[in-house]
$ cat protein-v2.pdb   # PDB, C-alpha atoms
ATOM      1  CA  MET A   1     100.955 139.935  79.215  1.00  0.00           C
ATOM      2  CA  ASN A   2      99.560 139.843  82.734  1.00  0.00           C
ATOM      3  CA  HIS A   3     102.396 139.685  85.279  1.00  0.00           C
ATOM      4  CA  SER A   4     100.079 138.976  88.211  1.00  0.00           C
ATOM      5  CA  PHE A   5      99.467 135.443  86.962  1.00  0.00           C
ATOM      6  CA  PRO A   6     102.495 133.893  88.810  1.00  0.00           C
ATOM      7  CA  HIS A   7     101.419 135.550  92.053  1.00  0.00           C
ATOM      8  CA  ARG A   8      98.096 133.746  91.905  1.00  0.00           C
ATOM      9  CA  PHE A   9      99.884 130.413  92.491  1.00  0.00           C
ATOM     10  CA  ARG A  10     102.370 131.676  95.062  1.00  0.00           C
ATOM     11  CA  LEU A  11     100.099 131.206  98.134  1.00  0.00           C
ATOM     12  CA  PRO A  12      99.007 127.655  97.221  1.00  0.00           C
ATOM     13  CA  LEU A  13     102.640 126.810  96.431  1.00  0.00           C
ATOM     14  CA  TYR A  14     103.774 128.054  99.874  1.00  0.00           C
ATOM     15  CA  ALA A  15     100.949 126.111 101.497  1.00  0.00           C
ATOM     16  CA  LEU A  16     101.983 122.979  99.600  1.00  0.00           C
ATOM     17  CA  ILE A  17     105.634 123.408 100.647  1.00  0.00           C
ATOM     18  CA  LEU A  18     104.630 123.883 104.293  1.00  0.00           C
ATOM     19  CA  LEU A  19     102.404 120.818 104.103  1.00  0.00           C
ATOM     20  CA  LEU A  20     105.238 118.743 102.645  1.00  0.00           C
ATOM     21  CA  LEU A  21     107.675 119.968 105.281  1.00  0.00           C
ATOM     22  CA  ALA A  22     105.186 119.227 108.044  1.00  0.00           C
ATOM     23  CA  SER A  23     104.630 115.731 106.699  1.00  0.00           C
ATOM     24  CA  CYS A  24     108.387 115.105 106.837  1.00  0.00           C
ATOM     25  CA  THR A  25     108.621 115.837 110.543  1.00  0.00           C
ATOM     26  CA  PRO A  26     108.241 112.842 112.832  1.00  0.00           C
ATOM     27  CA  THR A  27     104.833 112.580 114.380  1.00  0.00           C
ATOM     28  CA  LYS A  28     103.750 110.767 117.488  1.00  0.00           C
ATOM     29  CA  THR A  29     102.233 108.020 115.353  1.00  0.00           C
ATOM     30  CA  SER A  30     105.342 107.523 113.219  1.00  0.00           C
ATOM     31  CA  GLN A  31     107.593 107.533 116.285  1.00  0.00           C
ATOM     32  CA  CYS A  32     105.356 104.964 117.967  1.00  0.00           C
ATOM     33  CA  ARG A  33     105.402 102.842 114.829  1.00  0.00           C
ATOM     34  CA  ARG A  34     109.214 102.914 114.602  1.00  0.00           C
ATOM     35  CA  LEU A  35     109.648 101.977 118.259  1.00  0.00           C
ATOM     36  CA  ILE A  36     107.037  99.222 118.056  1.00  0.00           C
ATOM     37  CA  GLN A  37     108.706  97.808 114.917  1.00  0.00           C
ATOM     38  CA  ALA A  38     112.069  97.682 116.698  1.00  0.00           C
ATOM     39  CA  LEU A  39     110.465  96.024 119.737  1.00  0.00           C
ATOM     40  CA  ASP A  40     108.643  93.534 117.501  1.00  0.00           C
ATOM     41  CA  GLN A  41     111.905  92.609 115.798  1.00  0.00           C
ATOM     42  CA  GLY A  42     113.510  92.082 119.209  1.00  0.00           C
ATOM     43  CA  THR A  43     110.596  89.952 120.394  1.00  0.00           C
ATOM     44  CA  THR A  44     110.718  87.878 117.204  1.00  0.00           C
ATOM     45  CA  THR A  45     114.434  87.363 117.716  1.00  0.00           C
ATOM     46  CA  LEU A  46     113.887  86.249 121.310  1.00  0.00           C
ATOM     47  CA  ASN A  47     111.094  83.888 120.309  1.00  0.00           C
ATOM     48  CA  ARG A  48     113.280  82.244 117.637  1.00  0.00           C
ATOM     49  CA  LEU A  49     116.113  81.524 120.022  1.00  0.00           C
ATOM     50  CA  GLU A  50     116.457  77.997 121.208  1.00  0.00           C
ATOM     51  CA  LEU A  51     117.544  78.716 124.721  1.00  0.00           C
ATOM     52  CA  THR A  52     119.561  76.274 126.689  1.00  0.00           C
ATOM     53  CA  PRO A  53     122.025  77.201 129.382  1.00  0.00           C
ATOM     54  CA  MET A  54     124.862  76.430 127.000  1.00  0.00           C
ATOM     55  CA  THR A  55     123.504  78.712 124.244  1.00  0.00           C
ATOM     56  CA  GLY A  56     122.865  81.643 126.547  1.00  0.00           C
ATOM     57  CA  SER A  57     125.896  83.542 125.278  1.00  0.00           C
ATOM     58  CA  GLN A  58     124.737  83.239 121.658  1.00  0.00           C
ATOM     59  CA  ALA A  59     121.248  84.293 122.720  1.00  0.00           C
ATOM     60  CA  ALA A  60     122.743  87.295 124.535  1.00  0.00           C
ATOM     61  CA  ASP A  61     124.512  88.270 121.294  1.00  0.00           C
ATOM     62  CA  GLN A  62     121.151  88.258 119.509  1.00  0.00           C
ATOM     63  CA  VAL A  63     119.572  90.277 122.314  1.00  0.00           C
ATOM     64  CA  GLU A  64     122.369  92.850 121.968  1.00  0.00           C
ATOM     65  CA  LEU A  65     121.633  93.207 118.245  1.00  0.00           C
ATOM     66  CA  SER A  66     117.972  93.818 119.058  1.00  0.00           C
ATOM     67  CA  LEU A  67     119.002  96.219 121.799  1.00  0.00           C
ATOM     68  CA  GLU A  68     121.072  98.271 119.365  1.00  0.00           C
ATOM     69  CA  ALA A  69     118.121  98.444 116.955  1.00  0.00           C
ATOM     70  CA  ILE A  70     115.900  99.749 119.755  1.00  0.00           C
ATOM     71  CA  LYS A  71     118.522 102.280 120.877  1.00  0.00           C
ATOM     72  CA  THR A  72     118.965 103.709 117.380  1.00  0.00           C
ATOM     73  CA  VAL A  73     115.303 104.637 116.884  1.00  0.00           C
ATOM     74  CA  GLN A  74     115.316 108.436 116.659  1.00  0.00           C
ATOM     75  CA  LEU A  75     112.592 109.946 118.825  1.00  0.00           C
ATOM     76  CA  THR A  76     111.574 113.399 120.015  1.00  0.00           C
ATOM     77  CA  ASP A  77     108.385 112.677 121.971  1.00  0.00           C
ATOM     78  CA  GLU A  78     109.358 112.536 125.665  1.00  0.00           C
ATOM     79  CA  THR A  79     106.819 109.840 126.543  1.00  0.00           C
ATOM     80  CA  ILE A  80     107.982 107.595 123.697  1.00  0.00           C
ATOM     81  CA  ILE A  81     111.609 108.215 124.674  1.00  0.00           C
ATOM     82  CA  ASN A  82     110.667 107.037 128.188  1.00  0.00           C
ATOM     83  CA  PHE A  83     109.177 103.861 126.671  1.00  0.00           C
ATOM     84  CA  GLN A  84     112.379 103.348 124.676  1.00  0.00           C
ATOM     85  CA  THR A  85     114.543 103.820 127.777  1.00  0.00           C
ATOM     86  CA  ARG A  86     112.504 101.262 129.697  1.00  0.00           C
ATOM     87  CA  ALA A  87     112.663  98.785 126.803  1.00  0.00           C
ATOM     88  CA  VAL A  88     116.440  99.213 126.626  1.00  0.00           C
ATOM     89  CA  ALA A  89     116.654  98.424 130.353  1.00  0.00           C
ATOM     90  CA  PHE A  90     114.615  95.221 129.877  1.00  0.00           C
ATOM     91  CA  TYR A  91     116.772  94.042 126.990  1.00  0.00           C
ATOM     92  CA  GLU A  92     119.984  94.877 128.847  1.00  0.00           C
ATOM     93  CA  GLN A  93     118.760  92.892 131.855  1.00  0.00           C
ATOM     94  CA  ILE A  94     117.787  89.923 129.698  1.00  0.00           C
ATOM     95  CA  GLY A  95     121.135  89.983 127.859  1.00  0.00           C
ATOM     96  CA  THR A  96     123.104  90.184 131.097  1.00  0.00           C
ATOM     97  CA  THR A  97     121.079  87.376 132.632  1.00  0.00           C
ATOM     98  CA  LEU A  98     121.577  85.151 129.579  1.00  0.00           C
ATOM     99  CA  ARG A  99     125.346  85.704 129.710  1.00  0.00           C
ATOM    100  CA  GLU A 100     125.457  84.958 133.427  1.00  0.00           C
ATOM    101  CA  THR A 101     123.396  81.804 132.966  1.00  0.00           C
ATOM    102  CA  SER A 102     125.651  80.664 130.148  1.00  0.00           C
ATOM    103  CA  GLY A 103     128.714  81.213 132.323  1.00  0.00           C
ATOM    104  CA  ILE A 104     127.121  79.283 135.166  1.00  0.00           C
ATOM    105  CA  ALA A 105     126.251  76.403 132.828  1.00  0.00           C
ATOM    106  CA  THR A 106     129.798  76.264 131.524  1.00  0.00           C
ATOM    107  CA  MET A 107     131.175  76.253 135.058  1.00  0.00           C
ATOM    108  CA  VAL A 108     128.776  73.510 136.179  1.00  0.00           C
ATOM    109  CA  SER A 109     129.609  71.337 133.187  1.00  0.00           C
ATOM    110  CA  ASN A 110     133.274  71.375 134.275  1.00  0.00           C
ATOM    111  CA  LEU A 111     132.646  70.515 137.928  1.00  0.00           C
ATOM    112  CA  GLN A 112     134.098  67.409 139.462  1.00  0.00           C
ATOM    113  CA  PRO A 113     131.879  65.144 141.585  1.00  0.00           C
ATOM    114  CA  THR A 114     133.525  66.201 144.819  1.00  0.00           C
ATOM    115  CA  PRO A 115     131.933  67.730 147.923  1.00  0.00           C
ATOM    116  CA  LYS A 116     133.218  71.145 146.794  1.00  0.00           C
ATOM    117  CA  GLY A 117     131.859  70.518 143.279  1.00  0.00           C
ATOM    118  CA  LEU A 118     128.444  69.566 144.672  1.00  0.00           C
ATOM    119  CA  GLU A 119     128.381  72.680 146.822  1.00  0.00           C
ATOM    120  CA  THR A 120     129.262  74.813 143.793  1.00  0.00           C
ATOM    121  CA  ARG A 121     126.544  73.077 141.785  1.00  0.00           C
ATOM    122  CA  ASN A 122     123.966  73.886 144.466  1.00  0.00           C
ATOM    123  CA  GLN A 123     125.067  77.530 144.461  1.00  0.00           C
ATOM    124  CA  ALA A 124     124.797  77.539 140.676  1.00  0.00           C
ATOM    125  CA  GLN A 125     121.251  76.177 140.852  1.00  0.00           C
ATOM    126  CA  THR A 126     120.321  79.033 143.172  1.00  0.00           C
ATOM    127  CA  GLN A 127     121.859  81.549 140.747  1.00  0.00           C
ATOM    128  CA  VAL A 128     120.005  80.011 137.799  1.00  0.00           C
ATOM    129  CA  ALA A 129     116.729  80.165 139.734  1.00  0.00           C
ATOM    130  CA  LYS A 130     117.376  83.873 140.388  1.00  0.00           C
ATOM    131  CA  ALA A 131     118.176  84.379 136.704  1.00  0.00           C
ATOM    132  CA  ILE A 132     114.934  82.694 135.665  1.00  0.00           C
ATOM    133  CA  ALA A 133     113.004  84.869 138.117  1.00  0.00           C
ATOM    134  CA  SER A 134     114.750  87.960 136.696  1.00  0.00           C
ATOM    135  CA  ILE A 135     113.797  87.037 133.127  1.00  0.00           C
ATOM    136  CA  LYS A 136     110.207  86.358 134.192  1.00  0.00           C
ATOM    137  CA  GLN A 137     110.057  89.762 135.900  1.00  0.00           C
ATOM    138  CA  SER A 138     111.509  91.462 132.829  1.00  0.00           C
ATOM    139  CA  THR A 139     108.889  89.712 130.696  1.00  0.00           C
ATOM    140  CA  GLN A 140     106.082  90.888 133.004  1.00  0.00           C
ATOM    141  CA  ASP A 141     107.480  94.420 133.010  1.00  0.00           C
ATOM    142  CA  ALA A 142     107.712  94.333 129.211  1.00  0.00           C
ATOM    143  CA  THR A 143     104.058  93.273 129.000  1.00  0.00           C
ATOM    144  CA  VAL A 144     103.090  96.280 131.124  1.00  0.00           C
ATOM    145  CA  LEU A 145     105.257  98.529 128.958  1.00  0.00           C
ATOM    146  CA  LEU A 146     103.645  97.262 125.763  1.00  0.00           C
ATOM    147  CA  ALA A 147     100.198  97.960 127.207  1.00  0.00           C
ATOM    148  CA  GLU A 148     101.304 101.507 128.073  1.00  0.00           C
ATOM    149  CA  ILE A 149     102.710 102.026 124.582  1.00  0.00           C
ATOM    150  CA  GLU A 150      99.481 100.766 123.057  1.00  0.00           C
ATOM    151  CA  GLU A 151      97.397 103.070 125.257  1.00  0.00           C
ATOM    152  CA  TYR A 152      99.550 106.085 124.424  1.00  0.00           C
ATOM    153  CA  CYS A 153     100.101 105.406 120.733  1.00  0.00           C
ATOM    154  CA  LEU A 154      96.856 103.993 119.430  1.00  0.00           C
ATOM    155  CA  PRO A 155      94.238 106.567 118.599  1.00  0.00           C
ATOM    156  CA  LYS A 156      91.226 106.457 120.855  1.00  0.00           C
ATOM    157  CA  PRO A 157      87.882 105.878 119.118  1.00  0.00           C
ATOM    158  CA  GLN A 158      85.720 108.976 119.093  1.00  0.00           C
ATOM    159  CA  PRO A 159      82.296 108.533 120.774  1.00  0.00           C
TER     160      PRO A 159
END
$ encode --input "protein-v2.pdb" --output "structure tokens"
Amino acid sequence: MNHSFPHRFRLPLYALILLLLASCTPTKTSQCRRLIQALDQGTTTLNRLELTPMTGSQAADQVELSLEAIKTVQLTDETIINFQTRAVAFYEQIGTTLRETSGIATMVSNLQPTPKGLETRNQAQTQVAKAIASIKQSTQDATVLLAEIEEYCLPKPQP
């Protein structure tokens, strides 16, 4: 019986094991995909919300769920981690703004039609305008971030 027969398969077997181990490690593409999926889920959640000042707190709860999903994506690529950190900041800002707006709406709904109440209402309108501007800025920043993610993550066509 030839005992060298098992040795003939040893090198291909090692190569196969190394290939399998390498395929299990997260790649740039898979990390991008996981982050983009979490961001897409968050965007879908935001788009489904029926926002009114009185539902801002419920909307903020939904944003926090999306935020947690984005935070839990495990990444090792420093650039993608930077994208994740920026996305977390956008979602935190949006959630905070929604909560503040909801609180303002609740306060305004309880105001009495007195000079002090009218003054408070005017201050609340200013705060809501700032909140809307903050959400618009976060949306613009998120659009820029998505373009950066796309540029970094999508393979460039070879000429």
$ closest_residue --input "protein-v2.pdb" --among "A:Arg99, A:Arg86, A:Lys28, A:Lys71" --to "Asp141 (chain A)" --atoms "only C-alpha atoms"
A:Arg86
$ resolve_selection --input "protein-v2.pdb" --expression "the PyMOL selection byres ((chain A and resi 39) around 9)" --output "JSON, numbers by chain"
{"A": [34, 35, 36, 37, 38, 40, 41, 42, 43, 44, 66, 67, 69, 70, 87]}
$ write_last_selection --input "protein-v2.pdb" --atoms "C-alpha atoms" --output "PDB file, in the coordinates of the input"
ATOM      1  CA  ARG A  34     109.214 102.914 114.602  1.00  0.00           C
ATOM      2  CA  LEU A  35     109.648 101.977 118.259  1.00  0.00           C
ATOM      3  CA  ILE A  36     107.037  99.222 118.056  1.00  0.00           C
ATOM      4  CA  GLN A  37     108.706  97.808 114.917  1.00  0.00           C
ATOM      5  CA  ALA A  38     112.069  97.682 116.698  1.00  0.00           C
ATOM      6  CA  ASP A  40     108.643  93.534 117.501  1.00  0.00           C
ATOM      7  CA  GLN A  41     111.905  92.609 115.798  1.00  0.00           C
ATOM      8  CA  GLY A  42     113.510  92.082 119.209  1.00  0.00           C
ATOM      9  CA  THR A  43     110.596  89.952 120.394  1.00  0.00           C
ATOM     10  CA  THR A  44     110.718  87.878 117.204  1.00  0.00           C
ATOM     11  CA  SER A  66     117.972  93.818 119.058  1.00  0.00           C
ATOM     12  CA  LEU A  67     119.002  96.219 121.799  1.00  0.00           C
ATOM     13  CA  ALA A  69     118.121  98.444 116.955  1.00  0.00           C
ATOM     14  CA  ILE A  70     115.900  99.749 119.755  1.00  0.00           C
ATOM     15  CA  ALA A  87     112.663  98.785 126.803  1.00  0.00           C
TER      16      ALA A  87
END
$ resolve_selection --input "protein-v2.pdb" --expression "the PyMOL selection byres ((chain A and resi 139) around 12)" --output "MDAnalysis selection string"
chainID A and resid 43 46 87 89:91 93:94 132:138 140:146
$ write_last_selection --input "protein-v2.pdb" --atoms "C-alpha atoms" --output "PDB file, in the frame of the given file"
ATOM      1  CA  THR A  43     110.596  89.952 120.394  1.00  0.00           C
ATOM      2  CA  LEU A  46     113.887  86.249 121.310  1.00  0.00           C
ATOM      3  CA  ALA A  87     112.663  98.785 126.803  1.00  0.00           C
ATOM      4  CA  ALA A  89     116.654  98.424 130.353  1.00  0.00           C
ATOM      5  CA  PHE A  90     114.615  95.221 129.877  1.00  0.00           C
ATOM      6  CA  TYR A  91     116.772  94.042 126.990  1.00  0.00           C
ATOM      7  CA  GLN A  93     118.760  92.892 131.855  1.00  0.00           C
ATOM      8  CA  ILE A  94     117.787  89.923 129.698  1.00  0.00           C
ATOM      9  CA  ILE A 132     114.934  82.694 135.665  1.00  0.00           C
ATOM     10  CA  ALA A 133     113.004  84.869 138.117  1.00  0.00           C
ATOM     11  CA  SER A 134     114.750  87.960 136.696  1.00  0.00           C
ATOM     12  CA  ILE A 135     113.797  87.037 133.127  1.00  0.00           C
ATOM     13  CA  LYS A 136     110.207  86.358 134.192  1.00  0.00           C
ATOM     14  CA  GLN A 137     110.057  89.762 135.900  1.00  0.00           C
ATOM     15  CA  SER A 138     111.509  91.462 132.829  1.00  0.00           C
ATOM     16  CA  GLN A 140     106.082  90.888 133.004  1.00  0.00           C
ATOM     17  CA  ASP A 141     107.480  94.420 133.010  1.00  0.00           C
ATOM     18  CA  ALA A 142     107.712  94.333 129.211  1.00  0.00           C
ATOM     19  CA  THR A 143     104.058  93.273 129.000  1.00  0.00           C
ATOM     20  CA  VAL A 144     103.090  96.280 131.124  1.00  0.00           C
ATOM     21  CA  LEU A 145     105.257  98.529 128.958  1.00  0.00           C
ATOM     22  CA  LEU A 146     103.645  97.262 125.763  1.00  0.00           C
TER      23      LEU A 146
END
$ atom_distance --input "protein-v2.pdb" --atom1 "CA of Ala131 (chain A)" --atom2 "CA of Thr101 (chain A)"
6.9 Å
$ closest_residue --input "protein-v2.pdb" --among "A:Ala124, A:Ala147, A:Cys153, A:Cys32" --to "Ala105 (chain A)" --atoms "only C-alpha atoms"
A:Ala124
$ closest_residue --input "protein-v2.pdb" --among "A:Thr72, A:Gly95, A:Asn122, A:Thr45" --to "Val108 (chain A)" --atoms "all atoms listed in the file"
A:Asn122
$ atom_distance --input "protein-v2.pdb" --atom1 "CA of Glu151 (chain A)" --atom2 "CA of Phe83 (chain A)"
11.9 Å
$ closest_residue --input "protein-v2.pdb" --among "A:Glu100, A:Thr85, A:Thr79, A:Ser30" --to "Gln58 (chain A)" --atoms "all atoms listed in the file"
A:Glu100
$ closest_residue --input "protein-v2.pdb" --among "A:Tyr152, A:Lys116, A:Ile81, A:Gly56" --to "Val128 (chain A)" --atoms "only C-alpha atoms"
A:Gly56
$ atom_distance --input "protein-v2.pdb" --atom1 "CA of Ala129 (chain A)" --atom2 "CA of Pro115 (chain A)"
21.3 Å
$ closest_residue --input "protein-v2.pdb" --among "A:Gln31, A:Ser102, A:Thr120, A:Thr97" --to "Val73 (chain A)" --atoms "only C-alpha atoms"
A:Gln31
